[in-house]
>>> print(open('target.cif').read())   # mmCIF, C-alpha atoms
data_target
loop_
_atom_site.label_atom_id
_atom_site.label_comp_id
_atom_site.auth_asym_id
_atom_site.auth_seq_id
_atom_site.Cartn_x
_atom_site.Cartn_y
_atom_site.Cartn_z
CA MET A 1 59.25 -17.82 109.66
CA ALA A 2 59.48 -21.56 109.11
CA GLU A 3 60.55 -22.87 105.72
CA SER A 4 57.32 -24.86 105.39
CA THR A 5 55.29 -21.67 105.88
CA VAL A 6 57.11 -20.02 102.97
CA TRP A 7 56.35 -23.05 100.77
CA TRP A 8 52.66 -22.98 101.78
CA LEU A 9 52.42 -19.25 101.08
CA LEU A 10 53.97 -19.75 97.65
CA ALA A 11 51.56 -22.62 96.94
CA GLY A 12 48.60 -20.47 97.98
CA GLY A 13 49.87 -17.64 95.81
CA ALA A 14 50.14 -19.98 92.82
CA VAL A 15 46.55 -21.15 93.37
CA ALA A 16 45.32 -17.55 93.67
CA LEU A 17 47.19 -16.57 90.51
CA GLU A 18 45.67 -19.57 88.71
CA LEU A 19 42.20 -18.41 89.72
CA LEU A 20 42.92 -15.01 88.20
CA THR A 21 44.51 -16.26 84.97
CA GLY A 22 42.91 -19.66 84.40
CA THR A 23 46.29 -21.23 83.67
CA PHE A 24 45.98 -24.85 84.74
CA PHE A 25 49.74 -25.29 84.88
CA LEU A 26 49.86 -22.99 87.89
CA LEU A 27 47.87 -25.62 89.77
CA MET A 28 50.53 -28.17 88.87
CA LEU A 29 53.15 -25.72 90.12
CA ALA A 30 51.16 -25.37 93.35
CA VAL A 31 51.27 -29.17 93.75
CA GLY A 32 55.06 -28.96 93.52
CA LEU A 33 55.21 -26.13 96.03
CA ALA A 34 53.01 -28.11 98.42
CA ALA A 35 55.40 -31.05 98.04
CA GLY A 36 58.22 -28.70 99.03
CA ALA A 37 56.23 -27.70 102.12
CA ILE A 38 55.64 -31.32 103.06
CA ALA A 39 59.33 -32.06 102.61
CA ALA A 40 60.09 -29.13 104.95
CA HIS A 41 57.65 -30.53 107.51
CA LEU A 42 59.44 -33.88 107.30
CA GLY A 43 62.76 -32.19 108.08
CA ALA A 44 64.39 -32.33 104.63
CA GLY A 45 67.11 -29.82 103.89
CA LEU A 46 66.65 -26.98 101.43
CA ALA A 47 68.03 -29.08 98.56
CA GLY A 48 65.60 -31.90 99.40
CA GLN A 49 62.71 -29.46 99.51
CA PHE A 50 63.58 -28.07 96.09
CA LEU A 51 64.00 -31.59 94.73
CA ALA A 52 60.59 -32.64 96.09
CA ALA A 53 58.98 -29.51 94.64
CA ALA A 54 60.60 -30.00 91.23
CA LEU A 55 59.75 -33.70 91.02
CA ALA A 56 56.16 -33.27 92.16
CA GLY A 57 55.44 -30.17 90.07
CA GLY A 58 57.20 -31.46 86.96
CA GLY A 59 55.72 -34.91 87.39
CA ALA A 60 52.22 -33.46 87.75
CA ILE A 61 52.66 -31.50 84.51
CA VAL A 62 53.95 -34.56 82.64
CA LEU A 63 51.10 -36.74 83.95
CA TRP A 64 48.54 -34.09 83.05
CA GLN A 65 49.88 -33.78 79.50
CA ARG A 66 49.85 -37.56 78.99
CA TRP A 67 46.33 -37.84 80.36
CA ARG A 68 45.16 -35.05 78.05
CA GLN A 69 46.78 -36.68 75.01
CA THR A 70 45.03 -39.97 75.68
CA ARG A 71 41.70 -38.15 75.70
CA ILE A 72 42.31 -36.53 72.31
CA THR A 73 40.79 -38.72 69.66
CA ALA A 74 42.03 -39.23 66.13
CA THR A 75 39.12 -37.15 64.89
CA SER A 76 40.12 -33.54 64.51
CA SER A 77 37.83 -30.63 65.27
CA ARG A 78 36.86 -30.31 61.61
CA ALA A 79 34.92 -33.59 61.85
CA ASN A 80 33.92 -33.44 65.52
CA ARG A 81 30.19 -32.93 66.12
CA ASP A 82 30.92 -31.52 69.59
CA VAL A 83 32.93 -28.70 68.01
CA ASN A 84 31.05 -28.10 64.75
CA LEU A 85 27.27 -28.46 64.81
CA ASP A 86 27.12 -28.72 61.00
CA ILE A 87 28.51 -32.26 61.19
CA GLY A 88 25.65 -34.69 60.60
CA GLN A 89 23.36 -32.14 58.95
CA THR A 90 21.97 -32.94 55.51
CA VAL A 91 22.19 -30.75 52.44
CA HIS A 92 20.64 -30.98 48.98
CA VAL A 93 23.11 -31.13 46.09
CA PRO A 94 21.30 -30.22 42.85
CA GLN A 95 24.15 -30.99 40.44
CA TRP A 96 27.71 -32.38 40.53
CA GLU A 97 30.54 -30.87 38.50
CA PRO A 98 32.89 -33.14 36.50
CA ASP A 99 35.66 -32.60 39.09
CA GLY A 100 33.49 -34.16 41.81
CA THR A 101 32.50 -30.92 43.51
CA ALA A 102 29.29 -28.93 43.66
CA ARG A 103 28.19 -25.44 44.72
CA ILE A 104 25.27 -25.17 47.10
CA ARG A 105 23.60 -22.60 49.28
CA TYR A 106 23.71 -23.64 52.95
CA ARG A 107 22.85 -21.47 55.95
CA GLY A 108 22.64 -18.38 53.79
CA ALA A 109 26.07 -18.73 52.20
CA ASP A 110 27.56 -20.38 49.13
CA TRP A 111 29.63 -23.47 49.86
CA THR A 112 31.75 -25.85 47.84
CA VAL A 113 30.74 -29.45 48.45
CA GLN A 114 33.09 -32.37 47.95
CA LEU A 115 32.41 -36.05 48.38
CA GLN A 116 34.21 -37.92 51.12
CA THR A 117 36.96 -40.21 49.85
CA GLY A 118 35.57 -43.54 48.74
CA HIS A 119 32.18 -42.23 47.63
CA LEU A 120 31.22 -41.62 44.02
CA PRO A 121 29.04 -38.71 42.86
CA GLN A 122 25.46 -39.83 42.57
CA SER A 123 22.49 -38.11 41.13
CA PRO A 124 21.29 -34.92 42.73
CA GLY A 125 19.97 -35.61 46.18
CA ARG A 126 20.53 -35.38 49.91
CA TYR A 127 24.00 -35.72 51.39
CA GLN A 128 25.23 -35.71 54.97
CA ILE A 129 28.02 -33.39 56.11
CA VAL A 130 30.92 -35.35 57.63
CA ALA A 131 33.52 -32.56 57.93
CA VAL A 132 34.05 -28.86 57.34
CA GLU A 133 37.38 -27.81 55.84
CA GLY A 134 37.50 -24.04 55.57
CA ASN A 135 34.66 -23.10 53.20
CA ARG A 136 34.32 -26.66 51.87
CA LEU A 137 31.78 -29.18 53.09
CA LEU A 138 32.89 -32.80 52.95
CA VAL A 139 29.80 -34.98 52.42
CA ARG A 140 28.68 -38.56 51.89
CA PRO A 141 25.41 -39.89 50.53
CA SER A 142 22.69 -39.55 53.16
CA GLY A 143 21.86 -42.78 54.96
CA GLN A 144 25.35 -44.34 54.84
#
>>> encode(input="target.cif", output="C-alpha coordinates")
Amino acid sequence: MAESTVWWLLAGGAVALELLTGTFFLLMLAVGLAAGAIAAHLGAGLAGQFLAAALAGGGAIVLWQRWRQTRITATSSRANRDVNLDIGQTVHVPQWEPDGTARIRYRGADWTVQLQTGHLPQSPGRYQIVAVEGNRLLVRPSGQ
(Lines of atoms letter the chains of each structure in order from A and count residues from 1; the text may use other names and numbers.)
(Lines give C-alpha, C1' and ligand atoms only; values in the text may rest on other atoms or scores of the structure.)
Protein backbone atom coordinates (compact mmCIF):
# COMPACT_ATOMS: atom_id res chain seq x y z
CA MET A 1 0.00 0.00 0.00
CA ALA A 2 1.35 3.42 -0.92
CA GLU A 3 2.34 5.83 1.85
CA SER A 4 -0.08 8.44 0.52
CA THR A 5 -2.95 5.95 0.82
CA VAL A 6 -2.16 5.41 4.51
CA TRP A 7 -2.19 9.19 5.07
CA TRP A 8 -5.53 9.54 3.25
CA LEU A 9 -7.06 6.69 5.27
CA LEU A 10 -5.88 8.31 8.50
CA ALA A 11 -7.31 11.67 7.39
CA GLY A 12 -10.65 10.04 6.55
CA GLY A 13 -10.65 8.28 9.90
CA ALA A 14 -10.03 11.58 11.69
CA VAL A 15 -12.94 13.18 9.83
CA ALA A 16 -15.22 10.23 10.65
CA LEU A 17 -14.20 10.37 14.31
CA GLU A 18 -14.88 14.12 14.33
CA LEU A 19 -18.38 13.48 13.00
CA LEU A 20 -19.00 11.07 15.86
CA THR A 21 -17.53 13.22 18.63
CA GLY A 22 -18.01 16.79 17.40
CA THR A 23 -14.42 17.68 18.30
CA PHE A 24 -13.41 20.38 15.85
CA PHE A 25 -9.72 19.82 16.53
CA LEU A 26 -9.96 16.45 14.80
CA LEU A 27 -10.73 18.34 11.59
CA MET A 28 -7.53 20.32 12.07
CA LEU A 29 -5.70 17.03 12.60
CA ALA A 30 -7.26 15.75 9.37
CA VAL A 31 -5.88 18.81 7.57
CA GLY A 32 -2.42 17.85 8.83
CA LEU A 33 -2.88 14.24 7.75
CA ALA A 34 -3.98 15.39 4.30
CA ALA A 35 -0.84 17.54 4.10
CA GLY A 36 1.17 14.40 4.87
CA ALA A 37 -0.62 12.62 2.03
CA ILE A 38 0.12 15.45 -0.38
CA ALA A 39 3.76 15.42 0.68
CA ALA A 40 3.83 11.67 -0.05
CA HIS A 41 2.33 12.30 -3.48
CA LEU A 42 5.06 14.86 -4.15
CA GLY A 43 7.72 12.27 -3.32
CA ALA A 44 8.85 13.56 0.09
CA GLY A 45 10.50 11.09 2.42
CA LEU A 46 8.82 9.87 5.59
CA ALA A 47 10.43 12.65 7.67
CA GLY A 48 9.17 15.27 5.19
CA GLN A 49 5.69 13.79 5.30
CA PHE A 50 5.61 13.93 9.10
CA LEU A 51 6.96 17.47 9.03
CA ALA A 52 4.28 18.57 6.54
CA ALA A 53 1.58 16.90 8.63
CA ALA A 54 2.81 18.48 11.86
CA LEU A 55 3.18 21.96 10.39
CA ALA A 56 -0.18 21.92 8.62
CA GLY A 57 -2.13 20.36 11.50
CA GLY A 58 -0.46 22.45 14.20
CA GLY A 59 -0.68 25.58 12.09
CA ALA A 60 -4.39 24.99 11.43
CA ILE A 61 -5.03 24.66 15.17
CA VAL A 62 -3.07 27.83 15.96
CA LEU A 63 -4.87 29.79 13.22
CA TRP A 64 -8.25 28.51 14.39
CA GLN A 65 -7.54 29.53 17.99
CA ARG A 66 -6.42 33.02 16.95
CA TRP A 67 -9.46 33.47 14.73
CA ARG A 68 -11.75 32.38 17.56
CA GLN A 69 -10.10 34.77 20.03
CA THR A 70 -10.59 37.71 17.69
CA ARG A 71 -14.30 36.92 17.54
CA ILE A 72 -14.69 36.90 21.32
CA THR A 73 -15.75 40.34 22.42
CA ALA A 74 -14.89 42.07 25.65
CA THR A 75 -18.45 41.53 26.81
CA SER A 76 -18.73 38.36 28.82
CA SER A 77 -21.71 36.04 28.70
CA ARG A 78 -23.20 37.64 31.81
CA ALA A 79 -23.92 40.81 29.81
CA ASN A 80 -24.44 39.27 26.37
CA ARG A 81 -28.02 39.43 25.08
CA ASP A 82 -27.34 36.48 22.75
CA VAL A 83 -26.58 34.29 25.77
CA ASN A 84 -28.95 35.68 28.40
CA LEU A 85 -32.37 36.85 27.24
CA ASP A 86 -32.92 38.82 30.46
CA ILE A 87 -30.45 41.46 29.27
CA GLY A 88 -32.42 44.49 28.10
CA GLN A 89 -35.61 43.58 29.97
CA THR A 90 -37.10 46.14 32.34
CA VAL A 91 -38.00 45.58 35.97
CA HIS A 92 -39.83 47.71 38.52
CA VAL A 93 -37.84 48.56 41.65
CA PRO A 94 -40.25 49.65 44.41
CA GLN A 95 -37.64 50.73 46.98
CA TRP A 96 -33.85 51.05 47.27
CA GLU A 97 -31.95 50.00 50.38
CA PRO A 98 -29.27 52.31 51.86
CA ASP A 99 -26.51 50.03 50.50
CA GLY A 100 -27.69 50.66 46.92
CA THR A 101 -29.44 47.33 46.43
CA ALA A 102 -33.07 46.30 46.26
CA ARG A 103 -35.09 43.08 46.40
CA ILE A 104 -37.60 42.46 43.65
CA ARG A 105 -39.72 39.66 42.30
CA TYR A 106 -38.81 38.87 38.69
CA ARG A 107 -39.92 35.85 36.66
CA GLY A 108 -41.40 34.21 39.73
CA ALA A 109 -38.28 34.42 41.88
CA ASP A 110 -36.74 36.88 44.33
CA TRP A 111 -33.71 38.73 43.00
CA THR A 112 -31.22 41.19 44.40
CA VAL A 113 -30.92 44.25 42.20
CA GLN A 114 -27.84 46.45 42.10
CA LEU A 115 -27.23 49.58 40.11
CA GLN A 116 -24.59 49.54 37.41
CA THR A 117 -21.44 51.44 38.35
CA GLY A 118 -21.81 55.13 37.66
CA HIS A 119 -25.55 55.30 38.29
CA LEU A 120 -27.12 56.62 41.47
CA PRO A 121 -30.25 55.14 43.07
CA GLN A 122 -33.29 57.08 41.97
CA SER A 123 -36.81 56.95 43.15
CA PRO A 124 -38.76 53.76 42.68
CA GLY A 125 -39.33 53.11 39.02
CA ARG A 126 -38.39 51.11 35.96
CA TYR A 127 -34.83 49.91 35.41
CA GLN A 128 -33.22 48.01 32.57
CA ILE A 129 -31.20 44.84 33.18
CA VAL A 130 -27.65 45.17 31.82
CA ALA A 131 -26.08 42.01 33.32
CA VAL A 132 -26.85 38.97 35.42
CA GLU A 133 -24.27 37.96 38.01
CA GLY A 134 -25.41 34.80 39.76
CA ASN A 135 -28.68 35.73 41.49
CA ARG A 136 -28.02 39.47 41.19
CA LEU A 137 -29.43 41.69 38.47
CA LEU A 138 -27.24 44.61 37.46
CA VAL A 139 -29.51 47.45 36.28
CA ARG A 140 -29.47 51.04 35.06
CA PRO A 141 -32.28 53.56 34.90
CA SER A 142 -34.59 52.72 32.01
CA GLY A 143 -34.10 54.89 28.94
CA GLN A 144 -30.33 55.47 29.33
>>> atom_distance(input="target.cif", atom1="atom CA of A:Gln95", atom2="atom CA of A:Ala109")
17.1 Å
>>> resolve_selection(input="target.cif", expression="the PyMOL selection byres ((chain A and resi 27-31) around 6)", output="PyMOL selection string")
chain A and resi 11+14-15+24-26+32-34+57+60-61
>>> residues_around(input="target.cif", residues="A:Leu51", least_positions_apart="2", cutoff="12 Å", atoms="all atoms listed in the file", output="PyMOL selection string")
chain A and resi 32-33+35-40+44-49+53-59
>>> residues_around(input="target.cif", residues="A:Gln128", least_positions_apart="3", cutoff="12 Å", atoms="all atoms listed in the file", output="list in words")
Asp86, Ile87, Gly88, Gln89, Thr90, Val91, His92, Val93, Val113, Gln114, Leu115, Gln116, Gly125, Ala131, Val132, Leu137, Leu138, Val139, Arg140, Pro141, Ser142, Gly143 and Gln144 of chain A
>>> residues_near_point(input="target.cif", point="(36.7, -33.9, 39.9)", cutoff="12 Å", atoms="all atoms listed in the file", output="ChimeraX atom specification")
/A:96-102,113-115,117,120-121
>>> atom_distance(input="target.cif", atom1="atom CA of A:Asn80", atom2="atom CA of A:Thr23")
25.1 Å
>>> atom_distance(input="target.cif", atom1="atom CA of A:Asn135", atom2="atom CA of A:Val83")
15.9 Å
>>> closest_residue(input="target.cif", among="A:Val130, A:Ala2, A:Val62, A:Gly43", to="A:Leu85", atoms="only C-alpha atoms")
A:Val130
>>> closest_residue(input="target.cif", among="A:Arg68, A:Arg105, A:His41, A:Arg81", to="A:Arg136", atoms="only C-alpha atoms")
A:Arg105
>>> closest_residue(input="target.cif", among="A:Thr70, A:Ile104, A:Glu3, A:Ala52", to="A:Arg126", atoms="only C-alpha atoms")
A:Ile104
>>> closest_residue(input="target.cif", among="A:Leu9, A:Leu42, A:Pro94, A:Ala16", to="A:Tyr127", atoms="all atoms listed in the file")
A:Pro94
>>> build_atoms(input="target.cif", residues="stretch 4-17 of chain A", atoms="N, CA and C atoms", output="PDB file, keeping the file's coordinate frame")
ATOM      1  N   SER A   4      58.576 -24.278 105.896  1.00  0.00           N
ATOM      2  CA  SER A   4      57.320 -24.860 105.390  1.00  0.00           C
ATOM      3  C   SER A   4      56.263 -23.776 105.179  1.00  0.00           C
ATOM      4  N   THR A   5      56.261 -22.755 106.031  1.00  0.00           N
ATOM      5  CA  THR A   5      55.290 -21.670 105.880  1.00  0.00           C
ATOM      6  C   THR A   5      55.526 -20.925 104.576  1.00  0.00           C
ATOM      7  N   VAL A   6      56.786 -20.703 104.225  1.00  0.00           N
ATOM      8  CA  VAL A   6      57.110 -20.020 102.970  1.00  0.00           C
ATOM      9  C   VAL A   6      56.592 -20.851 101.787  1.00  0.00           C
ATOM     10  N   TRP A   7      56.821 -22.170 101.848  1.00  0.00           N
ATOM     11  CA  TRP A   7      56.350 -23.050 100.770  1.00  0.00           C
ATOM     12  C   TRP A   7      54.826 -22.989 100.657  1.00  0.00           C
ATOM     13  N   TRP A   8      54.122 -23.023 101.819  1.00  0.00           N
ATOM     14  CA  TRP A   8      52.660 -22.980 101.780  1.00  0.00           C
ATOM     15  C   TRP A   8      52.156 -21.651 101.243  1.00  0.00           C
ATOM     16  N   LEU A   9      52.813 -20.565 101.602  1.00  0.00           N
ATOM     17  CA  LEU A   9      52.420 -19.250 101.080  1.00  0.00           C
ATOM     18  C   LEU A   9      52.618 -19.171  99.569  1.00  0.00           C
ATOM     19  N   LEU A  10      53.729 -19.730  99.098  1.00  0.00           N
ATOM     20  CA  LEU A  10      53.970 -19.750  97.650  1.00  0.00           C
ATOM     21  C   LEU A  10      52.930 -20.617  96.935  1.00  0.00           C
ATOM     22  N   ALA A  11      52.575 -21.756  97.535  1.00  0.00           N
ATOM     23  CA  ALA A  11      51.560 -22.620  96.940  1.00  0.00           C
ATOM     24  C   ALA A  11      50.206 -21.904  96.882  1.00  0.00           C
ATOM     25  N   GLY A  12      49.846 -21.238  97.965  1.00  0.00           N
ATOM     26  CA  GLY A  12      48.600 -20.470  97.980  1.00  0.00           C
ATOM     27  C   GLY A  12      48.610 -19.346  96.962  1.00  0.00           C
ATOM     28  N   GLY A  13      49.752 -18.689  96.816  1.00  0.00           N
ATOM     29  CA  GLY A  13      49.870 -17.640  95.810  1.00  0.00           C
ATOM     30  C   GLY A  13      49.713 -18.183  94.398  1.00  0.00           C
ATOM     31  N   ALA A  14      50.275 -19.367  94.142  1.00  0.00           N
ATOM     32  CA  ALA A  14      50.140 -19.980  92.820  1.00  0.00           C
ATOM     33  C   ALA A  14      48.679 -20.336  92.534  1.00  0.00           C
ATOM     34  N   VAL A  15      47.962 -20.828  93.545  1.00  0.00           N
ATOM     35  CA  VAL A  15      46.550 -21.150  93.370  1.00  0.00           C
ATOM     36  C   VAL A  15      45.754 -19.872  93.109  1.00  0.00           C
ATOM     37  N   ALA A  16      46.027 -18.820  93.871  1.00  0.00           N
ATOM     38  CA  ALA A  16      45.320 -17.550  93.670  1.00  0.00           C
ATOM     39  C   ALA A  16      45.588 -16.979  92.285  1.00  0.00           C
ATOM     40  N   LEU A  17      46.834 -17.059  91.840  1.00  0.00           N
ATOM     41  CA  LEU A  17      47.190 -16.570  90.510  1.00  0.00           C
ATOM     42  C   LEU A  17      46.494 -17.402  89.427  1.00  0.00           C
TER      43      LEU A  17
END
